[in-house]
Amino acid sequence: MAQGEWQSTTRLIDEALEILAEEHPMTIRQLFYRLVSAEVIQNCLRDYQRVSSAMAKAREDGRVSFEWIVDRSRASYSSRGWKNLEDLSEVLEKELKNYRRDYWQDQPRYIEIWCEKDAVTGSIEEIREEYGLSIEAIRGFTNIYTMARRLYEQARDRKKITIFYLGDWDPSGKDIERDVTDRLRDWGFSRDLIERVAIFQKDIREFNLPPLRVKDKDPRASKFKRQHGNEAVELDALPPMELRRRLRQAIDEVIDHEAWDRAKLVERAQRETCARYAGILQEMART
């Protein structure tokens, strides 16, 4: 217990640490819902603020690693210059050593992950790194022109396209999925292009998630309640480990594994070439 800390705060941090140790990285909202499901706290704004304050304190005093909590709501902008050629060569060397081949160029199918909200993307960053995928945050009813244009480029190469969609189970989350599907269809894409991976109504019971009541002021509420009832749930409530498991399973079911393994062999040879170039750059910088 940190000096001067309430026992209730210490207990909350200890419970959060147990969850984070197994399921990191997570957003504060994902952690909040896991604590609600574990019946550690109540599903209310006061307890959400308690979790947020407790995690800020725990990160500051070192009990929680900063990498365990992801925050996609804060943007940072900076510019950079180089001290000298050696400084530049070190960065280039690192980039060359971290070279990764685009495995998808050898695949008959092109895959992207589209999220209703940006906040959850930090918890699936390892999926993006593992598979070299693009992750797009739709952020509501937005203009999808840029995303559709990228899909057109893949379709021009005669690739099949699949979009794995992650969204809330509520009137807006369902209607955003419908809206995006309809607009892509208007652009000439198939209706089965988009496949929802999370979240579903059945997850409320299966994972003991805190259900939300559908807000009547939402203009889409009446139709949603007729089709699905009065229970809603946020994507953030699904345990991050389960979200990542579903994405891995969905991706593994559609990739050509033989082509994937061949791409890895090619990458290994290309990385050896990159390492040689990195050494040459360092020698040039020292002269």
# chains A, B, ... in the order shown; residues from 1 in each chain; ligands from 1
>>> residues_around(residues="Ile255 (chain A)", least_positions_apart="2", cutoff="12 Å", atoms="only C-alpha atoms", output="VMD selection string")
chain A and resid 103 to 111 131 160 to 162 248 to 253 257 to 261
>>> write_last_selection(atoms="N, CA and C atoms", output="PDB file, in the first residue's frame")
ATOM      1  N   TYR A 103       3.324  -9.576 -46.167  1.00  0.00           N
ATOM      2  CA  TYR A 103       2.871 -10.936 -46.443  1.00  0.00           C
ATOM      3  C   TYR A 103       1.607 -10.955 -47.302  1.00  0.00           C
ATOM      4  N   TRP A 104       0.823  -9.893 -47.214  1.00  0.00           N
ATOM      5  CA  TRP A 104      -0.474  -9.886 -47.881  1.00  0.00           C
ATOM      6  C   TRP A 104      -0.363  -9.790 -49.393  1.00  0.00           C
ATOM      7  N   GLN A 105       0.774  -9.365 -49.910  1.00  0.00           N
ATOM      8  CA  GLN A 105       0.926  -9.292 -51.365  1.00  0.00           C
ATOM      9  C   GLN A 105       0.904 -10.683 -51.999  1.00  0.00           C
ATOM     10  N   ASP A 106       1.180 -11.707 -51.181  1.00  0.00           N
ATOM     11  CA  ASP A 106       1.187 -13.080 -51.688  1.00  0.00           C
ATOM     12  C   ASP A 106      -0.114 -13.819 -51.354  1.00  0.00           C
ATOM     13  N   GLN A 107      -1.069 -13.115 -50.757  1.00  0.00           N
ATOM     14  CA  GLN A 107      -2.323 -13.733 -50.336  1.00  0.00           C
ATOM     15  C   GLN A 107      -3.438 -13.484 -51.355  1.00  0.00           C
ATOM     16  N   PRO A 108      -4.314 -14.466 -51.551  1.00  0.00           N
ATOM     17  CA  PRO A 108      -5.442 -14.254 -52.469  1.00  0.00           C
ATOM     18  C   PRO A 108      -6.536 -13.371 -51.867  1.00  0.00           C
ATOM     19  N   ARG A 109      -6.436 -13.109 -50.556  1.00  0.00           N
ATOM     20  CA  ARG A 109      -7.452 -12.317 -49.867  1.00  0.00           C
ATOM     21  C   ARG A 109      -6.795 -11.142 -49.142  1.00  0.00           C
ATOM     22  N   TYR A 110      -7.484 -10.000 -49.157  1.00  0.00           N
ATOM     23  CA  TYR A 110      -7.024  -8.811 -48.439  1.00  0.00           C
ATOM     24  C   TYR A 110      -7.937  -8.586 -47.238  1.00  0.00           C
ATOM     25  N   ILE A 111      -7.335  -8.307 -46.062  1.00  0.00           N
ATOM     26  CA  ILE A 111      -8.092  -8.188 -44.824  1.00  0.00           C
ATOM     27  C   ILE A 111      -7.770  -6.867 -44.129  1.00  0.00           C
ATOM     28  N   TYR A 131       0.155  -9.648 -37.745  1.00  0.00           N
ATOM     29  CA  TYR A 131      -0.318  -9.979 -39.093  1.00  0.00           C
ATOM     30  C   TYR A 131      -0.060  -8.883 -40.127  1.00  0.00           C
ATOM     31  N   LYS A 160      -9.838 -11.112 -53.132  1.00  0.00           N
ATOM     32  CA  LYS A 160     -11.043 -11.110 -52.329  1.00  0.00           C
ATOM     33  C   LYS A 160     -10.791 -10.215 -51.114  1.00  0.00           C
ATOM     34  N   ILE A 161     -11.830  -9.564 -50.634  1.00  0.00           N
ATOM     35  CA  ILE A 161     -11.671  -8.602 -49.537  1.00  0.00           C
ATOM     36  C   ILE A 161     -12.596  -8.974 -48.383  1.00  0.00           C
ATOM     37  N   THR A 162     -12.052  -8.924 -47.169  1.00  0.00           N
ATOM     38  CA  THR A 162     -12.846  -9.144 -45.964  1.00  0.00           C
ATOM     39  C   THR A 162     -12.522  -8.048 -44.959  1.00  0.00           C
ATOM     40  N   ARG A 248      -7.680 -13.380 -34.108  1.00  0.00           N
ATOM     41  CA  ARG A 248      -6.698 -14.360 -34.598  1.00  0.00           C
ATOM     42  C   ARG A 248      -7.405 -15.532 -35.288  1.00  0.00           C
ATOM     43  N   GLN A 249      -8.466 -16.025 -34.666  1.00  0.00           N
ATOM     44  CA  GLN A 249      -9.192 -17.151 -35.245  1.00  0.00           C
ATOM     45  C   GLN A 249      -9.797 -16.773 -36.596  1.00  0.00           C
ATOM     46  N   ALA A 250     -10.403 -15.590 -36.675  1.00  0.00           N
ATOM     47  CA  ALA A 250     -11.027 -15.147 -37.921  1.00  0.00           C
ATOM     48  C   ALA A 250      -9.992 -14.989 -39.028  1.00  0.00           C
ATOM     49  N   ILE A 251      -8.836 -14.438 -38.696  1.00  0.00           N
ATOM     50  CA  ILE A 251      -7.779 -14.230 -39.695  1.00  0.00           C
ATOM     51  C   ILE A 251      -7.195 -15.566 -40.144  1.00  0.00           C
ATOM     52  N   ASP A 252      -6.908 -16.444 -39.175  1.00  0.00           N
ATOM     53  CA  ASP A 252      -6.292 -17.734 -39.502  1.00  0.00           C
ATOM     54  C   ASP A 252      -7.200 -18.599 -40.378  1.00  0.00           C
ATOM     55  N   GLU A 253      -8.500 -18.376 -40.277  1.00  0.00           N
ATOM     56  CA  GLU A 253      -9.436 -19.183 -41.065  1.00  0.00           C
ATOM     57  C   GLU A 253      -9.435 -18.799 -42.546  1.00  0.00           C
ATOM     58  N   HIS A 257      -2.036 -20.432 -45.655  1.00  0.00           N
ATOM     59  CA  HIS A 257      -0.895 -20.645 -44.751  1.00  0.00           C
ATOM     60  C   HIS A 257       0.380 -21.033 -45.497  1.00  0.00           C
ATOM     61  N   GLU A 258       0.263 -21.737 -46.607  1.00  0.00           N
ATOM     62  CA  GLU A 258       1.465 -22.080 -47.376  1.00  0.00           C
ATOM     63  C   GLU A 258       2.121 -20.826 -47.929  1.00  0.00           C
ATOM     64  N   ALA A 259       1.323 -19.920 -48.481  1.00  0.00           N
ATOM     65  CA  ALA A 259       1.862 -18.661 -49.004  1.00  0.00           C
ATOM     66  C   ALA A 259       2.443 -17.820 -47.870  1.00  0.00           C
ATOM     67  N   TRP A 260       1.812 -17.871 -46.710  1.00  0.00           N
ATOM     68  CA  TRP A 260       2.288 -17.124 -45.546  1.00  0.00           C
ATOM     69  C   TRP A 260       3.672 -17.621 -45.119  1.00  0.00           C
ATOM     70  N   ASP A 261       3.848 -18.936 -45.075  1.00  0.00           N
ATOM     71  CA  ASP A 261       5.134 -19.505 -44.669  1.00  0.00           C
ATOM     72  C   ASP A 261       6.221 -19.202 -45.696  1.00  0.00           C
TER      73      ASP A 261
END
>>> select_by_dssp(residues="region 1-75 of chain A", states="helix (DSSP H, G or I)", output="NGL selection string")
:A and (7-23 or 28-37 or 45-60 or 66-68)
>>> write_last_selection(atoms="N, CA and C atoms", output="compact mmCIF listing (two decimals), in the first residue's frame")
# COMPACT_ATOMS: atom_id res chain seq x y z
N GLN A 7 -7.44 2.13 2.01
CA GLN A 7 -7.42 0.68 1.82
C GLN A 7 -8.28 0.27 0.63
N SER A 8 -9.42 0.97 0.45
CA SER A 8 -10.29 0.63 -0.68
C SER A 8 -9.60 0.87 -2.01
N THR A 9 -8.75 1.91 -2.08
CA THR A 9 -8.00 2.19 -3.31
C THR A 9 -6.95 1.12 -3.55
N THR A 10 -6.29 0.70 -2.48
CA THR A 10 -5.28 -0.36 -2.60
C THR A 10 -5.91 -1.65 -3.09
N ARG A 11 -7.09 -1.99 -2.53
CA ARG A 11 -7.77 -3.21 -2.95
C ARG A 11 -8.16 -3.13 -4.43
N LEU A 12 -8.64 -1.95 -4.83
CA LEU A 12 -9.03 -1.77 -6.23
C LEU A 12 -7.83 -1.93 -7.15
N ILE A 13 -6.70 -1.35 -6.78
CA ILE A 13 -5.49 -1.46 -7.60
C ILE A 13 -5.01 -2.91 -7.65
N ASP A 14 -5.07 -3.61 -6.51
CA ASP A 14 -4.64 -5.02 -6.49
C ASP A 14 -5.51 -5.88 -7.41
N GLU A 15 -6.83 -5.65 -7.37
CA GLU A 15 -7.74 -6.39 -8.25
C GLU A 15 -7.45 -6.07 -9.71
N ALA A 16 -7.21 -4.80 -10.00
CA ALA A 16 -6.91 -4.38 -11.36
C ALA A 16 -5.60 -4.99 -11.85
N LEU A 17 -4.62 -5.08 -10.96
CA LEU A 17 -3.32 -5.66 -11.33
C LEU A 17 -3.46 -7.12 -11.75
N GLU A 18 -4.31 -7.87 -11.04
CA GLU A 18 -4.52 -9.28 -11.39
C GLU A 18 -5.08 -9.41 -12.81
N ILE A 19 -6.02 -8.54 -13.15
CA ILE A 19 -6.61 -8.58 -14.49
C ILE A 19 -5.60 -8.12 -15.53
N LEU A 20 -4.91 -7.02 -15.25
CA LEU A 20 -3.95 -6.48 -16.22
C LEU A 20 -2.80 -7.45 -16.47
N ALA A 21 -2.36 -8.16 -15.44
CA ALA A 21 -1.25 -9.09 -15.60
C ALA A 21 -1.56 -10.16 -16.64
N GLU A 22 -2.84 -10.54 -16.75
CA GLU A 22 -3.23 -11.59 -17.69
C GLU A 22 -3.68 -11.04 -19.03
N GLU A 23 -4.27 -9.83 -19.05
CA GLU A 23 -4.98 -9.38 -20.24
C GLU A 23 -4.43 -8.11 -20.89
N ILE A 28 -8.64 1.98 -20.13
CA ILE A 28 -9.28 2.16 -18.82
C ILE A 28 -10.72 1.65 -18.86
N ARG A 29 -11.40 1.91 -19.96
CA ARG A 29 -12.80 1.48 -20.06
C ARG A 29 -12.91 -0.04 -20.08
N GLN A 30 -12.00 -0.71 -20.79
CA GLN A 30 -12.01 -2.17 -20.80
C GLN A 30 -11.74 -2.72 -19.40
N LEU A 31 -10.77 -2.13 -18.70
CA LEU A 31 -10.46 -2.56 -17.34
C LEU A 31 -11.66 -2.34 -16.42
N PHE A 32 -12.31 -1.20 -16.57
CA PHE A 32 -13.51 -0.90 -15.77
C PHE A 32 -14.56 -1.99 -15.95
N TYR A 33 -14.84 -2.37 -17.18
CA TYR A 33 -15.87 -3.38 -17.42
C TYR A 33 -15.45 -4.76 -16.88
N ARG A 34 -14.17 -5.06 -16.93
CA ARG A 34 -13.72 -6.35 -16.38
C ARG A 34 -13.90 -6.35 -14.86
N LEU A 35 -13.66 -5.22 -14.21
CA LEU A 35 -13.84 -5.12 -12.77
C LEU A 35 -15.33 -5.18 -12.40
N VAL A 36 -16.18 -4.61 -13.25
CA VAL A 36 -17.62 -4.71 -13.03
C VAL A 36 -18.07 -6.16 -13.16
N SER A 37 -17.59 -6.85 -14.19
CA SER A 37 -17.97 -8.25 -14.41
C SER A 37 -17.50 -9.13 -13.26
N LEU A 45 -20.76 5.85 -13.09
CA LEU A 45 -19.74 6.86 -13.41
C LEU A 45 -18.78 7.06 -12.24
N ARG A 46 -19.29 7.04 -11.02
CA ARG A 46 -18.42 7.25 -9.85
C ARG A 46 -17.32 6.20 -9.80
N ASP A 47 -17.66 4.93 -10.01
CA ASP A 47 -16.65 3.88 -9.95
C ASP A 47 -15.73 3.91 -11.16
N TYR A 48 -16.24 4.34 -12.31
CA TYR A 48 -15.36 4.52 -13.47
C TYR A 48 -14.28 5.56 -13.16
N GLN A 49 -14.69 6.64 -12.52
CA GLN A 49 -13.72 7.68 -12.15
C GLN A 49 -12.75 7.17 -11.10
N ARG A 50 -13.23 6.30 -10.20
CA ARG A 50 -12.34 5.67 -9.21
C ARG A 50 -11.26 4.85 -9.90
N VAL A 51 -11.64 4.05 -10.89
CA VAL A 51 -10.68 3.21 -11.62
C VAL A 51 -9.66 4.10 -12.34
N SER A 52 -10.16 5.14 -13.00
CA SER A 52 -9.27 6.04 -13.74
C SER A 52 -8.25 6.70 -12.81
N SER A 53 -8.72 7.19 -11.66
CA SER A 53 -7.83 7.85 -10.70
C SER A 53 -6.84 6.86 -10.10
N ALA A 54 -7.33 5.65 -9.77
CA ALA A 54 -6.46 4.64 -9.16
C ALA A 54 -5.36 4.21 -10.12
N MET A 55 -5.69 4.06 -11.41
CA MET A 55 -4.68 3.65 -12.39
C MET A 55 -3.66 4.76 -12.65
N ALA A 56 -4.12 6.01 -12.61
CA ALA A 56 -3.18 7.12 -12.76
C ALA A 56 -2.18 7.12 -11.61
N LYS A 57 -2.67 6.88 -10.41
CA LYS A 57 -1.80 6.82 -9.24
C LYS A 57 -0.85 5.64 -9.32
N ALA A 58 -1.38 4.47 -9.71
CA ALA A 58 -0.55 3.26 -9.77
C ALA A 58 0.52 3.34 -10.85
N ARG A 59 0.21 4.01 -11.94
CA ARG A 59 1.23 4.19 -12.99
C ARG A 59 2.32 5.15 -12.54
N GLU A 60 1.91 6.19 -11.82
CA GLU A 60 2.89 7.17 -11.35
C GLU A 60 3.85 6.57 -10.34
N PHE A 66 3.32 1.42 -17.67
CA PHE A 66 2.64 2.32 -18.60
C PHE A 66 2.18 1.58 -19.85
N GLU A 67 2.90 0.51 -20.24
CA GLU A 67 2.54 -0.24 -21.44
C GLU A 67 1.27 -1.07 -21.25
N TRP A 68 0.88 -1.29 -19.99
CA TRP A 68 -0.29 -2.11 -19.74
C TRP A 68 -1.60 -1.37 -19.99
>>> atom_distance(atom1="CA of Leu265 (chain A)", atom2="CA of Glu130 (chain A)")
15.9 Å
>>> residues_around(residues="Val197 (chain A)", least_positions_apart="5", cutoff="8 Å", atoms="only C-alpha atoms", output="list in words")
Phe164, Tyr165, Leu166, Arg246, Leu247 and Ala250 of chain A
>>> select_by_dssp(residues="region 14-210 of chain A", states="strand (DSSP E or B)", output="list in words")
Met26, Ile69, Arg109, Tyr110, Ile111, Glu112, Ile113, Trp114, Cys115, Ser134, Ile135, Glu136, Ala137, Lys160, Ile161, Thr162, Ile163, Phe164, Tyr165, Leu166, Trp169, Ile194, Glu195, Arg196, Val197 and Ala198 of chain A
>>> closest_residue(among="A:Ile144, A:Leu209, A:Ala38, A:Val64", to="Asp182 (chain A)", atoms="only C-alpha atoms")
A:Ile144
>>> residues_around(residues="region 232-235 of chain A", least_positions_apart="6", cutoff="10 Å", atoms="only C-alpha atoms", output="tab-separated table (two decimals) with C-alpha atoms, in the first residue's frame")
chain	number	residue	atom	x	y	z
A	29	ARG	CA	-12.80	1.48	-20.06
A	30	GLN	CA	-12.01	-2.17	-20.80
A	33	TYR	CA	-15.87	-3.38	-17.42
A	115	CYS	CA	-13.51	-0.45	-35.34
A	116	GLU	CA	-16.49	1.69	-34.45
A	117	LYS	CA	-14.29	3.62	-32.00
A	120	VAL	CA	-10.17	-0.05	-28.42
A	166	LEU	CA	-15.74	-4.41	-34.17
A	167	GLY	CA	-18.61	-2.36	-32.77
A	168	ASP	CA	-20.99	-1.80	-29.87
A	169	TRP	CA	-24.14	-3.88	-29.60
A	170	ASP	CA	-26.57	-0.97	-29.53
A	171	PRO	CA	-28.70	0.97	-32.03
A	173	GLY	CA	-23.25	0.29	-33.40
A	198	ALA	CA	-17.47	-8.43	-31.79
A	199	ILE	CA	-19.52	-7.66	-29.83
A	200	PHE	CA	-22.76	-9.74	-29.76
A	201	GLN	CA	-25.81	-9.89	-27.53
A	203	ASP	CA	-21.64	-12.12	-24.98
A	204	ILE	CA	-23.59	-10.42	-22.17
A	209	LEU	CA	-21.02	-8.36	-18.92
A	210	PRO	CA	-22.92	-5.40	-17.50
A	211	PRO	CA	-25.85	-4.78	-19.89
A	212	LEU	CA	-26.96	-1.26	-20.76
A	213	ARG	CA	-30.52	-0.17	-21.40
A	214	VAL	CA	-31.19	1.09	-24.91
A	215	LYS	CA	-31.61	4.86	-24.86
A	224	PHE	CA	-33.27	-2.12	-32.47
A	225	LYS	CA	-35.58	-3.07	-29.57
A	243	LEU	CA	-11.26	-9.94	-28.55
>>> atom_distance(atom1="CA of Gln270 (chain A)", atom2="CA of Asn98 (chain A)")
10.9 Å
>>> closest_atom_pairs(of="region 178-212 of chain A", to="region 149-153 of chain A", cutoff="12 Å", atoms="only C-alpha atoms", output="Markdown table")
| residue | atom | partner | partner_atom | distance |
| --- | --- | --- | --- | --- |
| A:Leu184 | CA | A:Leu151 | CA | 9.7 |
| A:Trp187 | CA | A:Tyr152 | CA | 9.1 |
| A:Gly188 | CA | A:Tyr152 | CA | 9.4 |
| A:Phe189 | CA | A:Tyr152 | CA | 8.9 |
| A:Ser190 | CA | A:Leu151 | CA | 11.8 |
| A:Leu193 | CA | A:Leu151 | CA | 10.5 |
>>> residues_around(residues="Leu133 (chain A)", least_positions_apart="2", cutoff="8 Å", atoms="only C-alpha atoms", output="ChimeraX atom specification")
/A:111-113,127-129,131,135
>>> atom_distance(atom1="CA of Ser134 (chain A)", atom2="CA of Trp114 (chain A)")
8.4 Å
